[in-house]
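Participant: Supplied structure: start36.pdb, PDB, C-alpha atoms.
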ATOM      1  CA  MET D 159      -4.029 -10.348 -41.010
ATOM      2  CA  ALA D 160      -7.723 -10.586 -40.224
ATOM      3  CA  PHE D 161      -8.200 -12.708 -37.125
ATOM      4  CA  PRO D 162     -11.352 -13.242 -35.073
ATOM      5  CA  GLN D 163     -11.200 -11.698 -31.607
ATOM      6  CA  LEU D 164     -10.232 -13.891 -28.690
ATOM      7  CA  THR D 165      -9.394 -13.775 -25.029
ATOM      8  CA  ILE D 166      -6.024 -14.994 -23.792
ATOM      9  CA  LEU D 167      -5.946 -17.742 -21.200
ATOM     10  CA  THR D 168      -3.315 -17.940 -18.518
ATOM     11  CA  SER D 169       0.131 -19.113 -19.532
ATOM     12  CA  SER D 170      -0.447 -22.540 -17.991
ATOM     13  CA  ALA D 171      -3.048 -23.246 -20.658
ATOM     14  CA  ARG D 172      -0.964 -22.062 -23.565
ATOM     15  CA  TYR D 173       2.059 -23.188 -25.486
ATOM     16  CA  SER D 174       5.035 -21.783 -23.595
ATOM     17  CA  PRO D 175       8.378 -20.718 -25.061
ATOM     18  CA  PRO D 176      11.356 -23.034 -24.857
ATOM     19  CA  HIS D 177      14.049 -22.138 -22.369
ATOM     20  CA  LEU D 178      16.836 -23.785 -24.273
ATOM     21  CA  ALA D 179      20.033 -23.080 -22.381
ATOM     22  CA  SER D 180      22.866 -25.236 -23.628
ATOM     23  CA  SER D 181      22.735 -27.227 -20.399
ATOM     24  CA  THR D 182      19.160 -28.278 -21.084
ATOM     25  CA  ARG D 183      19.435 -29.236 -24.739
ATOM     26  CA  ILE D 184      17.895 -32.620 -25.413
ATOM     27  CA  THR D 185      20.453 -35.240 -26.310
ATOM     28  CA  THR D 186      20.518 -37.634 -29.237
ATOM     29  CA  ALA D 187      17.731 -40.181 -29.184
ATOM     30  CA  ILE D 188      17.781 -43.832 -28.321
ATOM     31  CA  MET D 189      14.849 -44.471 -30.656
ATOM     32  CA  PRO D 190      16.132 -46.721 -33.484
ATOM     33  CA  ILE D 191      14.284 -45.014 -36.334
ATOM     34  CA  ARG D 192      17.283 -43.848 -38.295
ATOM     35  CA  GLU D 193      20.988 -43.808 -37.632
ATOM     36  CA  THR D 194      21.186 -40.156 -36.604
ATOM     37  CA  PRO D 195      17.763 -38.985 -35.384
ATOM     38  CA  LEU D 196      17.626 -35.273 -34.629
ATOM     39  CA  PRO D 197      16.727 -34.145 -31.113
ATOM     40  CA  PRO D 198      13.465 -32.208 -30.827
ATOM     41  CA  LEU D 199      13.407 -28.647 -29.616
ATOM     42  CA  ASN D 200      12.345 -28.444 -25.999
ATOM     43  CA  ILE D 201       9.012 -26.817 -26.748
ATOM     44  CA  GLN D 202       6.777 -29.095 -24.735
ATOM     45  CA  ALA D 203       7.362 -27.108 -21.542
ATOM     46  CA  ALA D 204       3.624 -26.825 -21.009
ATOM     47  CA  ARG D 205       3.113 -30.551 -21.632
ATOM     48  CA  PRO D 206       4.843 -32.633 -18.925
ATOM     49  CA  ILE D 207       5.776 -36.125 -20.051
ATOM     50  CA  SER D 208       4.594 -37.634 -16.796
ATOM     51  CA  PRO D 209       0.903 -38.226 -16.058
ATOM     52  CA  GLY D 210      -1.061 -35.603 -14.209
ATOM     53  CA  GLY D 211      -0.595 -32.563 -16.405
ATOM     54  CA  CYS D 212      -2.855 -31.113 -19.047
ATOM     55  CA  PRO D 213      -4.965 -33.393 -21.265
ATOM     56  CA  SER D 214      -3.311 -34.847 -24.327
ATOM     57  CA  ALA D 215      -4.416 -36.305 -27.610
ATOM     58  CA  GLY D 216      -4.771 -39.630 -25.860
ATOM     59  CA  ASP D 217      -7.411 -38.171 -23.538
ATOM     60  CA  VAL D 218      -9.384 -36.240 -26.144
ATOM     61  CA  ASP D 219     -11.550 -37.686 -28.891
ATOM     62  CA  MET D 220     -10.039 -36.024 -31.921
ATOM     63  CA  ALA D 221     -13.371 -36.142 -33.730
ATOM     64  CA  SER D 222     -15.067 -34.199 -30.939
ATOM     65  CA  PRO D 223     -15.416 -30.437 -30.472
ATOM     66  CA  THR D 224     -13.359 -31.022 -27.311
ATOM     67  CA  LEU D 225     -10.526 -31.050 -29.821
ATOM     68  CA  TRP D 226     -10.715 -27.276 -29.981
ATOM     69  CA  ALA D 227     -10.780 -26.754 -26.204
ATOM     70  CA  SER D 228      -7.243 -25.380 -26.113
ATOM     71  CA  LEU D 229      -7.897 -22.502 -28.487
ATOM     72  CA  PRO D 230      -7.334 -19.280 -26.546
ATOM     73  CA  ASP D 231     -11.010 -18.379 -26.211
ATOM     74  CA  ARG D 232     -12.280 -21.860 -25.366
ATOM     75  CA  PRO D 233     -12.558 -23.508 -21.921
ATOM     76  CA  ARG D 234     -10.212 -26.380 -21.143
ATOM     77  CA  THR D 235     -10.819 -29.571 -19.244
ATOM     78  CA  SER D 236      -8.860 -30.813 -16.256
ATOM     79  CA  GLU D 237      -8.542 -34.404 -17.373
ATOM     80  CA  SER D 238      -5.313 -36.222 -16.602
ATOM     81  CA  ARG D 239      -3.113 -37.171 -19.498
ATOM     82  CA  ARG D 240      -1.163 -40.190 -20.599
ATOM     83  CA  PRO D 241       2.619 -39.965 -20.776
ATOM     84  CA  SER D 242       4.091 -39.079 -24.137
ATOM     85  CA  PHE D 243       7.570 -39.797 -25.424
ATOM     86  CA  SER D 244       9.900 -37.723 -27.553
ATOM     87  CA  VAL D 245      12.877 -39.106 -29.403
ATOM     88  CA  SER D 246      14.975 -38.371 -26.334
ATOM     89  CA  ASN D 247      13.080 -40.591 -23.884
ATOM     90  CA  ALA D 248      11.422 -43.205 -26.064
ATOM     91  CA  PRO D 249      11.289 -46.744 -24.687
ATOM     92  CA  ASP D 250      12.372 -49.562 -26.976
ATOM     93  CA  THR D 251       8.758 -50.751 -27.061
ATOM     94  CA  VAL D 252       7.710 -47.893 -29.358
ATOM     95  CA  PRO D 253       7.817 -49.423 -32.864
ATOM     96  CA  PRO D 254       9.341 -47.429 -35.739
ATOM     97  CA  SER D 255       6.079 -47.901 -37.630
ATOM     98  CA  ALA D 256       4.351 -45.811 -34.963
ATOM     99  CA  TRP D 257       6.954 -43.058 -34.949
ATOM    100  CA  ARG D 258       7.364 -42.027 -38.528
ATOM    101  CA  ILE D 259       8.180 -38.303 -38.612
ATOM    102  CA  GLN D 260      11.217 -36.910 -36.844
ATOM    103  CA  PRO D 261      12.314 -33.369 -35.955
ATOM    104  CA  GLY D 262      14.184 -31.641 -38.738
ATOM    105  CA  GLN D 263      11.814 -32.855 -41.465
ATOM    106  CA  TYR D 264       9.593 -30.610 -43.548
ATOM    107  CA  VAL D 265       5.995 -31.711 -44.049
ATOM    108  CA  ALA D 266       2.861 -30.478 -45.725
ATOM    109  CA  PHE D 267      -0.331 -30.604 -43.674
ATOM    110  CA  MET D 268      -3.978 -29.652 -43.524
ATOM    111  CA  ILE D 269      -6.830 -29.963 -41.027
ATOM    112  CA  ASP D 270      -8.473 -33.384 -41.286
ATOM    113  CA  THR D 271     -12.153 -32.546 -41.594
ATOM    114  CA  GLU D 272     -12.993 -36.234 -42.026
ATOM    115  CA  ALA D 273     -11.691 -36.917 -38.511
ATOM    116  CA  ALA D 274     -13.618 -33.952 -37.117
ATOM    117  CA  ALA D 275     -16.801 -35.083 -38.901
ATOM    118  CA  LEU D 276     -16.740 -38.515 -37.237
ATOM    119  CA  HIS D 277     -18.276 -36.933 -34.152
ATOM    120  CA  TYR D 278     -21.564 -36.614 -36.010
ATOM    121  CA  PRO D 279     -23.915 -39.425 -37.145
ATOM    122  CA  GLU D 280     -23.342 -40.772 -40.632
ATOM    123  CA  GLY D 281     -25.571 -39.048 -43.157
ATOM    124  CA  SER D 282     -26.393 -36.160 -40.815
ATOM    125  CA  LYS D 283     -26.395 -32.564 -41.985
ATOM    126  CA  GLU D 284     -23.828 -31.785 -39.279
ATOM    127  CA  ARG D 285     -21.360 -34.325 -40.628
ATOM    128  CA  GLU D 286     -21.889 -33.087 -44.165
ATOM    129  CA  ALA D 287     -21.323 -29.474 -43.080
ATOM    130  CA  VAL D 288     -17.959 -30.339 -41.532
ATOM    131  CA  LEU D 289     -16.935 -32.455 -44.518
ATOM    132  CA  GLN D 290     -17.764 -29.574 -46.865
ATOM    133  CA  PHE D 291     -15.693 -27.114 -44.873
ATOM    134  CA  ALA D 292     -12.871 -25.884 -47.132
ATOM    135  CA  VAL D 293      -9.327 -26.240 -45.822
ATOM    136  CA  GLY D 294      -5.936 -25.613 -47.385
ATOM    137  CA  ARG D 295      -2.596 -27.383 -47.412
ATOM    138  CA  TYR D 296       0.394 -25.682 -45.761
ATOM    139  CA  ILE D 297       4.113 -26.310 -45.196
ATOM    140  CA  GLY D 298       6.126 -26.388 -41.985
ATOM    141  CA  LEU D 299       9.213 -27.717 -40.246
ATOM    142  CA  VAL D 300       8.759 -30.414 -37.603
ATOM    143  CA  VAL D 301      10.489 -29.276 -34.397
ATOM    144  CA  GLY D 302       8.833 -31.698 -31.993
ATOM    145  CA  SER D 303       7.701 -35.298 -32.479
ATOM    146  CA  TYR D 304       5.878 -37.287 -29.798
ATOM    147  CA  VAL D 305       4.066 -40.598 -29.559
ATOM    148  CA  GLN D 306       1.754 -42.163 -26.973
ATOM    149  CA  ARG D 307      -0.911 -44.803 -26.683
ATOM    150  CA  SER D 308      -4.513 -43.899 -27.421
ATOM    151  CA  GLU D 309      -6.943 -43.759 -24.518
ATOM    152  CA  ASP D 310      -8.342 -47.212 -25.316
ATOM    153  CA  ASN D 311      -4.785 -48.537 -25.770
ATOM    154  CA  SER D 312      -5.634 -49.742 -29.270
ATOM    155  CA  ARG D 313      -3.100 -47.727 -31.256
ATOM    156  CA  TRP D 314      -0.152 -45.380 -31.135
ATOM    157  CA  VAL D 315      -0.899 -41.657 -31.474
ATOM    158  CA  GLU D 316       1.698 -39.504 -33.246
ATOM    159  CA  GLU D 317       1.854 -35.797 -32.519
ATOM    160  CA  LEU D 318       3.950 -33.072 -34.169
ATOM    161  CA  VAL D 319       4.857 -29.488 -33.417
ATOM    162  CA  VAL D 320       5.419 -27.676 -36.713
ATOM    163  CA  MET D 321       6.777 -24.188 -37.390
ATOM    164  CA  PHE D 322       5.266 -22.363 -40.361
ATOM    165  CA  VAL D 323       6.975 -21.682 -43.704
ATOM    166  CA  ALA D 324       5.961 -18.614 -45.725
ATOM    167  CA  PRO D 325       7.193 -16.470 -48.645
ATOM    168  CA  ALA D 326       7.755 -13.540 -46.272
ATOM    169  CA  VAL D 327       8.542 -12.551 -42.721
ATOM    170  CA  PRO D 328       5.679 -12.507 -40.190
ATOM    171  CA  SER D 329       3.592  -9.471 -41.091
ATOM    172  CA  LEU D 330       2.654  -8.405 -37.568
ATOM    173  CA  VAL D 331       4.667  -5.310 -36.660
ATOM    174  CA  GLY D 332       7.336  -6.232 -34.146
ATOM    175  CA  THR D 333       7.585  -9.896 -35.179
ATOM    176  CA  GLU D 334       9.385  -9.521 -38.513
ATOM    177  CA  ARG D 335      12.668 -10.777 -37.063
ATOM    178  CA  TYR D 336      11.265 -14.163 -36.041
ATOM    179  CA  CYS D 337      12.361 -16.127 -39.097
ATOM    180  CA  MET D 338      15.298 -17.522 -41.073
ATOM    181  CA  PRO D 339      15.793 -17.915 -44.832
ATOM    182  CA  ILE D 340      15.594 -21.352 -46.455
ATOM    183  CA  ALA D 341      17.949 -22.173 -49.327
ATOM    184  CA  PRO D 342      17.649 -21.488 -52.204
ATOM    185  CA  PHE D 343      17.142 -17.865 -51.174
ATOM    186  CA  HIS D 344      17.827 -14.648 -53.082
ATOM    187  CA  GLY D 345      14.962 -12.577 -51.759
ATOM    188  CA  ASP D 346      14.191 -10.174 -48.921
ATOM    189  CA  VAL D 347      17.357  -8.651 -47.450
ATOM    190  CA  ASP D 348      15.662  -8.461 -44.047
ATOM    191  CA  VAL D 349      15.317 -12.242 -44.068
ATOM    192  CA  MET D 350      18.907 -12.687 -45.232
ATOM    193  CA  ALA D 351      20.011 -10.607 -42.256
ATOM    194  CA  ARG D 352      18.774 -13.425 -40.029
ATOM    195  CA  GLY D 353      21.724 -15.595 -40.978
ATOM    196  CA  PRO D 354      22.777 -18.023 -43.720
ATOM    197  CA  PRO D 355      19.850 -19.891 -45.317
ATOM    198  CA  LEU D 356      18.836 -23.211 -43.786
ATOM    199  CA  ARG D 357      19.822 -26.080 -46.070
ATOM    200  CA  THR D 358      17.990 -29.341 -46.555
ATOM    201  CA  LYS D 359      19.710 -32.539 -47.680
ATOM    202  CA  THR D 360      17.382 -32.620 -50.694
ATOM    203  CA  LEU D 361      17.118 -29.191 -52.338
ATOM    204  CA  PHE D 362      14.069 -27.357 -50.981
ATOM    205  CA  PRO D 363      11.514 -27.193 -53.816
ATOM    206  CA  TRP D 364      10.433 -23.597 -53.193
ATOM    207  CA  ALA D 365      12.748 -20.601 -53.613
ATOM    208  CA  ASP D 366      12.846 -17.539 -51.363
ATOM    209  CA  ARG D 367      10.920 -18.988 -48.422
ATOM    210  CA  ALA D 368      11.167 -17.870 -44.795
ATOM    211  CA  GLN D 369      11.207 -20.384 -41.961
ATOM    212  CA  TRP D 370       9.304 -18.857 -39.037
ATOM    213  CA  THR D 371      10.866 -19.493 -35.645
ATOM    214  CA  THR D 372       8.169 -18.667 -33.095
ATOM    215  CA  PHE D 373       4.862 -19.277 -34.872
ATOM    216  CA  GLY D 374       3.409 -22.659 -35.790
ATOM    217  CA  THR D 375       0.899 -25.309 -34.813
ATOM    218  CA  ARG D 376       0.482 -28.673 -33.099
ATOM    219  CA  LEU D 377      -0.866 -31.614 -35.094
ATOM    220  CA  GLN D 378      -2.086 -35.144 -34.436
ATOM    221  CA  VAL D 379      -1.382 -37.296 -37.481
ATOM    222  CA  GLN D 380      -4.589 -38.931 -38.667
ATOM    223  CA  ARG D 381      -3.346 -39.861 -42.135
ATOM    224  CA  LEU D 382       0.208 -39.808 -43.476
ATOM    225  CA  HIS D 383       0.938 -39.747 -47.195
ATOM    226  CA  GLU D 384       4.307 -41.458 -47.463
ATOM    227  CA  SER D 385       6.980 -40.614 -50.012
ATOM    228  CA  GLN D 386      10.528 -41.673 -50.740
ATOM    229  CA  LEU D 387      11.322 -38.005 -51.269
ATOM    230  CA  LEU D 388      12.186 -36.320 -47.963
ATOM    231  CA  PHE D 389      13.113 -32.718 -47.277
ATOM    232  CA  ASP D 390      15.051 -32.794 -44.026
ATOM    233  CA  MET D 391      18.102 -31.255 -42.368
ATOM    234  CA  ASP D 392      21.220 -32.819 -40.982
ATOM    235  CA  GLU D 393      21.893 -32.506 -37.265
ATOM    236  CA  ASP D 394      24.222 -29.496 -37.485
ATOM    237  CA  GLU D 395      21.746 -27.493 -39.526
ATOM    238  CA  PHE D 396      18.888 -28.334 -37.194
ATOM    239  CA  ALA D 397      21.073 -27.340 -34.228
ATOM    240  CA  ARG D 398      21.669 -23.972 -35.881
ATOM    241  CA  PHE D 399      17.936 -23.526 -36.261
ATOM    242  CA  GLU D 400      17.502 -24.537 -32.623
ATOM    243  CA  GLN D 401      19.840 -21.770 -31.531
ATOM    244  CA  ARG D 402      17.852 -19.207 -33.488
ATOM    245  CA  VAL D 403      14.594 -20.475 -32.016
ATOM    246  CA  THR D 404      16.035 -20.133 -28.523
ATOM    247  CA  SER D 405      17.063 -16.552 -29.184
ATOM    248  CA  ASP D 406      13.789 -15.598 -30.855
ATOM    249  CA  TRP D 407      11.602 -17.131 -28.143
ATOM    250  CA  GLU D 408      13.524 -15.254 -25.493
ATOM    251  CA  HIS D 409      13.129 -12.042 -27.501
ATOM    252  CA  LEU D 410       9.411 -12.690 -28.039
ATOM    253  CA  ASP D 411       8.900 -13.368 -24.344
ATOM    254  CA  ALA D 412      10.545 -10.030 -23.469
ATOM    255  CA  ASN D 413       9.076  -8.014 -26.357
ATOM    256  CA  ALA D 414       7.129  -5.322 -24.514
ATOM    257  CA  ALA D 415       5.836  -3.854 -27.785
ATOM    258  CA  LEU D 416       3.733  -6.979 -28.303
ATOM    259  CA  LYS D 417       2.122  -6.775 -24.872
ATOM    260  CA  VAL D 418       0.754  -3.231 -24.681
ATOM    261  CA  ASN D 419      -2.160  -3.829 -27.038
ATOM    262  CA  GLU D 420      -4.749  -6.579 -26.474
ATOM    263  CA  ASP D 421      -5.392  -7.028 -30.194
ATOM    264  CA  VAL D 422      -1.701  -7.598 -30.828
ATOM    265  CA  LYS D 423      -1.450 -10.002 -27.884
ATOM    266  CA  ASN D 424      -4.404 -11.919 -29.316
ATOM    267  CA  ILE D 425      -2.802 -12.278 -32.734
ATOM    268  CA  VAL D 426       0.505 -13.419 -31.261
ATOM    269  CA  ALA D 427      -1.290 -16.014 -29.137
ATOM    270  CA  LYS D 428      -3.225 -17.351 -32.109
ATOM    271  CA  LEU D 429      -0.069 -17.772 -34.187
ATOM    272  CA  GLN D 430       1.638 -19.843 -31.497
ATOM    273  CA  PRO D 431       1.154 -23.628 -31.343
ATOM    274  CA  PRO D 432      -1.891 -24.531 -29.225
ATOM    275  CA  MET D 433      -1.700 -26.780 -26.187
ATOM    276  CA  GLU D 434      -3.736 -29.536 -27.798
ATOM    277  CA  PRO D 435      -3.137 -31.009 -31.274
ATOM    278  CA  LEU D 436      -5.379 -30.530 -34.275
ATOM    279  CA  PRO D 437      -6.321 -33.590 -36.365
ATOM    280  CA  ALA D 438      -4.295 -33.438 -39.542
ATOM    281  CA  VAL D 439      -3.518 -35.051 -42.857
ATOM    282  CA  VAL D 440       0.263 -34.957 -43.371
ATOM    283  CA  TRP D 441       2.449 -35.384 -46.463
ATOM    284  CA  ARG D 442       6.180 -36.063 -46.531
ATOM    285  CA  ASP D 443       6.413 -34.659 -50.059
ATOM    286  CA  ILE D 444       5.962 -30.903 -49.704
ATOM    287  CA  ARG D 445       5.779 -30.211 -53.425
ATOM    288  CA  GLY D 446       2.459 -29.264 -54.962
ATOM    289  CA  LYS D 447      -0.185 -26.646 -54.325
ATOM    290  CA  HIS D 448      -0.244 -25.134 -50.854
ATOM    291  CA  GLY D 449      -1.329 -22.036 -48.980
ATOM    292  CA  GLU D 450       1.276 -19.297 -48.735
ATOM    293  CA  ASP D 451      -0.005 -17.379 -45.696
ATOM    294  CA  PRO D 452       0.027 -19.220 -42.336
ATOM    295  CA  SER D 453      -2.598 -16.818 -40.988
ATOM    296  CA  ASP D 454      -5.017 -18.471 -43.423
ATOM    297  CA  PHE D 455      -4.441 -21.771 -41.609
ATOM    298  CA  VAL D 456      -5.111 -20.100 -38.257
ATOM    299  CA  ASN D 457      -8.300 -18.556 -39.610
ATOM    300  CA  GLU D 458      -9.423 -21.984 -40.873
ATOM    301  CA  VAL D 459      -8.959 -23.470 -37.399
ATOM    302  CA  TYR D 460     -11.102 -20.801 -35.778
ATOM    303  CA  ALA D 461     -13.705 -20.845 -38.530
ATOM    304  CA  LEU D 462     -14.104 -24.613 -38.201
ATOM    305  CA  ASP D 463     -14.304 -24.243 -34.441
ATOM    306  CA  GLY D 464     -17.068 -21.671 -34.894
ATOM    307  CA  LEU D 465     -18.939 -24.004 -37.226
ATOM    308  CA  MET D 466     -18.747 -26.872 -34.731
ATOM    309  CA  GLN D 467     -19.942 -24.615 -31.925
ATOM    310  CA  ARG D 468     -22.941 -23.577 -33.994
ATOM    311  CA  LEU D 469     -23.722 -27.187 -34.848
ATOM    312  CA  ALA D 470     -23.487 -28.131 -31.179
ATOM    313  CA  ALA D 471     -25.973 -25.347 -30.402
ATOM    314  CA  GLY D 472     -28.359 -26.686 -33.041
ATOM    315  CA  GLN D 473     -27.965 -23.700 -35.344
TER     316      GLN D 473
END
Let's see the structure in the file written out as structure tokens.
Facilitator:
Amino acid sequence: MAFPQLTILTSSARYSPPHLASSTRITTAIMPIRETPLPPLNIQAARPISPGGCPSAGDVDMASPTLWASLPDRPRTSESRRPSFSVSNAPDTVPPSAWRIQPGQYVAFMIDTEAAALHYPEGSKEREAVLQFAVGRYIGLVVGSYVQRSEDNSRWVEELVVMFVAPAVPSLVGTERYCMPIAPFHGDVDVMARGPPLRTKTLFPWADRAQWTTFGTRLQVQRLHESQLLFDMDEDEFARFEQRVTSDWEHLDANAALKVNEDVKNIVAKLQPPMEPLPAVVWRDIRGKHGEDPSDFVNEVYALDGLMQRLAAGQ
């Protein structure tokens, strides 16, 4: 994987692993979106749900370069944040129309360059440069779903944590174990060794895919392409995935082999979900053309960030 160089921030400014002991597992939701909503994985440890923590999507203009402030080599602000709600603590006032995507659902997604371009004046060369930036469409499993009011209180903001899907195990040496097979699967024996394939209620449209357990991204939904066709798991299957995530995060956190080399530490950090969400276009229907390598998505994020930095500098 060819990643730009970066410097790691302290753990307080990064996505932190879930400490999912059975006693801390999030219980079934009260949010009346569907009869049996799945609980999200407890992966918002670095994002307290009460005000006063790190800035959230509600505090950051998603069309601004501030959007990228949580990337590992970018400075972060100290703004206070608005409270967010997961399916486990949602008040009845959150309408189902605002909270559309639940944990346990697969989605396709890509960076929303139109949202990023809104920072620049209409017709400007800067806006055109961002709009012309090429991005791909990728697939992932939603493991966290949150909603909050926008800063101006005019709308609900929906945020997702998504774990990557790929045709193979993570390619970084020492991280190959951090995945599970998705049914239908008849491929890599190393992936099969990670347990029985995850099964979706509607047959997964791609064969021999690996569900990564520690690497993914954080998205703010700007546009959602709805579909009657959903690819989601039942609660037992999602719970099985949750157990594997718990084990893999604990292993990753203790994996000394990934901490002795700064380049390796940088790559691991870049593959983990960032603290702040990226503006995204999301599809429920995951069929169709998509990028196969999640590192390409990561490279797109950093390349777009570099472009916006250059534009801000007048280059």
Participant: Hey, can you check how far CA of Ala471 (chain D) sits from CA of Lys428 (chain D)?
Facilitator: 24.2 Å
Participant: With 12 Å as the cut-off and only C-alpha atoms counted, what is the closest atom pair between each nearby residue of region 322-369 of chain D and region 405-413 of chain D? Distances in Å to one decimal, ordered by chain and number, as JSON lines.
Facilitator:
{"residue": "D:Val331", "atom": "CA", "partner": "D:Asn413", "partner_atom": "CA", "distance": 11.5}
{"residue": "D:Gly332", "atom": "CA", "partner": "D:Asn413", "partner_atom": "CA", "distance": 8.2}
{"residue": "D:Thr333", "atom": "CA", "partner": "D:Leu410", "partner_atom": "CA", "distance": 7.9}
{"residue": "D:Glu334", "atom": "CA", "partner": "D:Asp406", "partner_atom": "CA", "distance": 10.7}
{"residue": "D:Arg335", "atom": "CA", "partner": "D:Asp406", "partner_atom": "CA", "distance": 7.9}
{"residue": "D:Tyr336", "atom": "CA", "partner": "D:Asp406", "partner_atom": "CA", "distance": 5.9}
{"residue": "D:Cys337", "atom": "CA", "partner": "D:Asp406", "partner_atom": "CA", "distance": 8.4}
{"residue": "D:Met338", "atom": "CA", "partner": "D:Asp406", "partner_atom": "CA", "distance": 10.5}
{"residue": "D:Arg352", "atom": "CA", "partner": "D:Asp406", "partner_atom": "CA", "distance": 10.7}
Participant: Could you work out how far CA of Ser385 (chain D) lies from CA of Gln306 (chain D), giving the answer in Å with one decimal?
Facilitator: 23.7 Å
Participant: To one decimal place, how far is CA of Tyr304 (chain D) from CA of Arg442 (chain D) in Å?
Facilitator: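 Distance reported for this atom pair: 16.8 Å.
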Participant: Of the candidates D:Tyr264, D:Gly281, D:Ser329, D:Trp257, which one gets nearest to Arg307 (chain D) if we count only C-alpha atoms?
Facilitator: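 Residue with the minimum atom-to-atom distance to Arg307 (chain D): D:Trp257.
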Participant: Would you pick out the contacts of Ala341 (chain D) at 8 Å or less, using all atoms listed in the file, so that residues sharing its chain but fewer than 3 positions from it are not included, and give the list as a compact mmCIF listing (two decimals) with C-alpha atoms, in the coordinates of the input?
Facilitator:
# COMPACT_ATOMS: atom_id res chain seq x y z
CA PRO D 355 19.85 -19.89 -45.32
CA LEU D 356 18.84 -23.21 -43.79
CA ARG D 357 19.82 -26.08 -46.07
CA THR D 358 17.99 -29.34 -46.56
CA LEU D 361 17.12 -29.19 -52.34
CA PHE D 362 14.07 -27.36 -50.98
CA ALA D 365 12.75 -20.60 -53.61
CA ASP D 366 12.85 -17.54 -51.36
CA ARG D 367 10.92 -18.99 -48.42
Participant: Got a sec: who's within 8 Å of Leu299 (chain D), counting only C-alpha atoms, leaving out chain neighbours fewer than 3 positions off, as a list in words?
Facilitator: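 Returned residues: Pro261, Gly262, Gln263, Tyr264, Val265, Val320, Met321, Phe322, Val323 and Gln369 of chain D.
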Participant: Give me the residues near Ile444 (chain D) as a list in words, where near means some atom within 10 Å (using all atoms listed in the file) and where sequence neighbours in that chain fewer than 5 positions away do not count.
Facilitator: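 Neighbouring residues, sequence-local ones excluded: Tyr264, Val265, Ala266, Phe267, Arg295, Tyr296, Ile297, Gly298, Phe362, Pro363, Trp364, Ser385, Leu387, Leu388 and Phe389 of chain D.
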Participant: D:Gly294, D:Gly374, D:Pro253, D:Pro279: which is nearest Gly449 (chain D), counting only C-alpha atoms?
Facilitator: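 Closest candidate: D:Gly294.
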Participant: Calculated over all atoms listed in the file, which of the candidates D:Leu429, D:Val288, D:Val327, D:Val379 has the smallest distance to Ile259 (chain D)?
Facilitator: D:Val379
Participant: Box for region 461-467 of chain D: with edges along x, y and z, all listed atoms inside and 8 Å added on each side, what are the centre and edge lengths in Å to one decimal, as AutoDock Vina command-line options?
Facilitator:
--center_x -16.8 --center_y -23.9 --center_z -35.2 --size_x 22.2 --size_y 22.0 --size_z 22.6
Participant: Step by step, work through what the PyMOL selection byres ((chain D and resi 470) around 12) selects in the shown file, and finish by giving those residues as a list in words.
Facilitator: Ser222, Pro223, Thr224, His277, Tyr278, Glu284, Arg285, Val288, Asp463, Gly464, Leu465, Met466, Gln467, Arg468, Leu469, Ala471, Gly472 and Gln473 of chain D
Participant: The PyMOL selection byres ((chain D and resi 376) around 6) on the file shown: which residues, as a VMD selection string?
Facilitator: chain D and resid 318 to 319 375 377 431 435
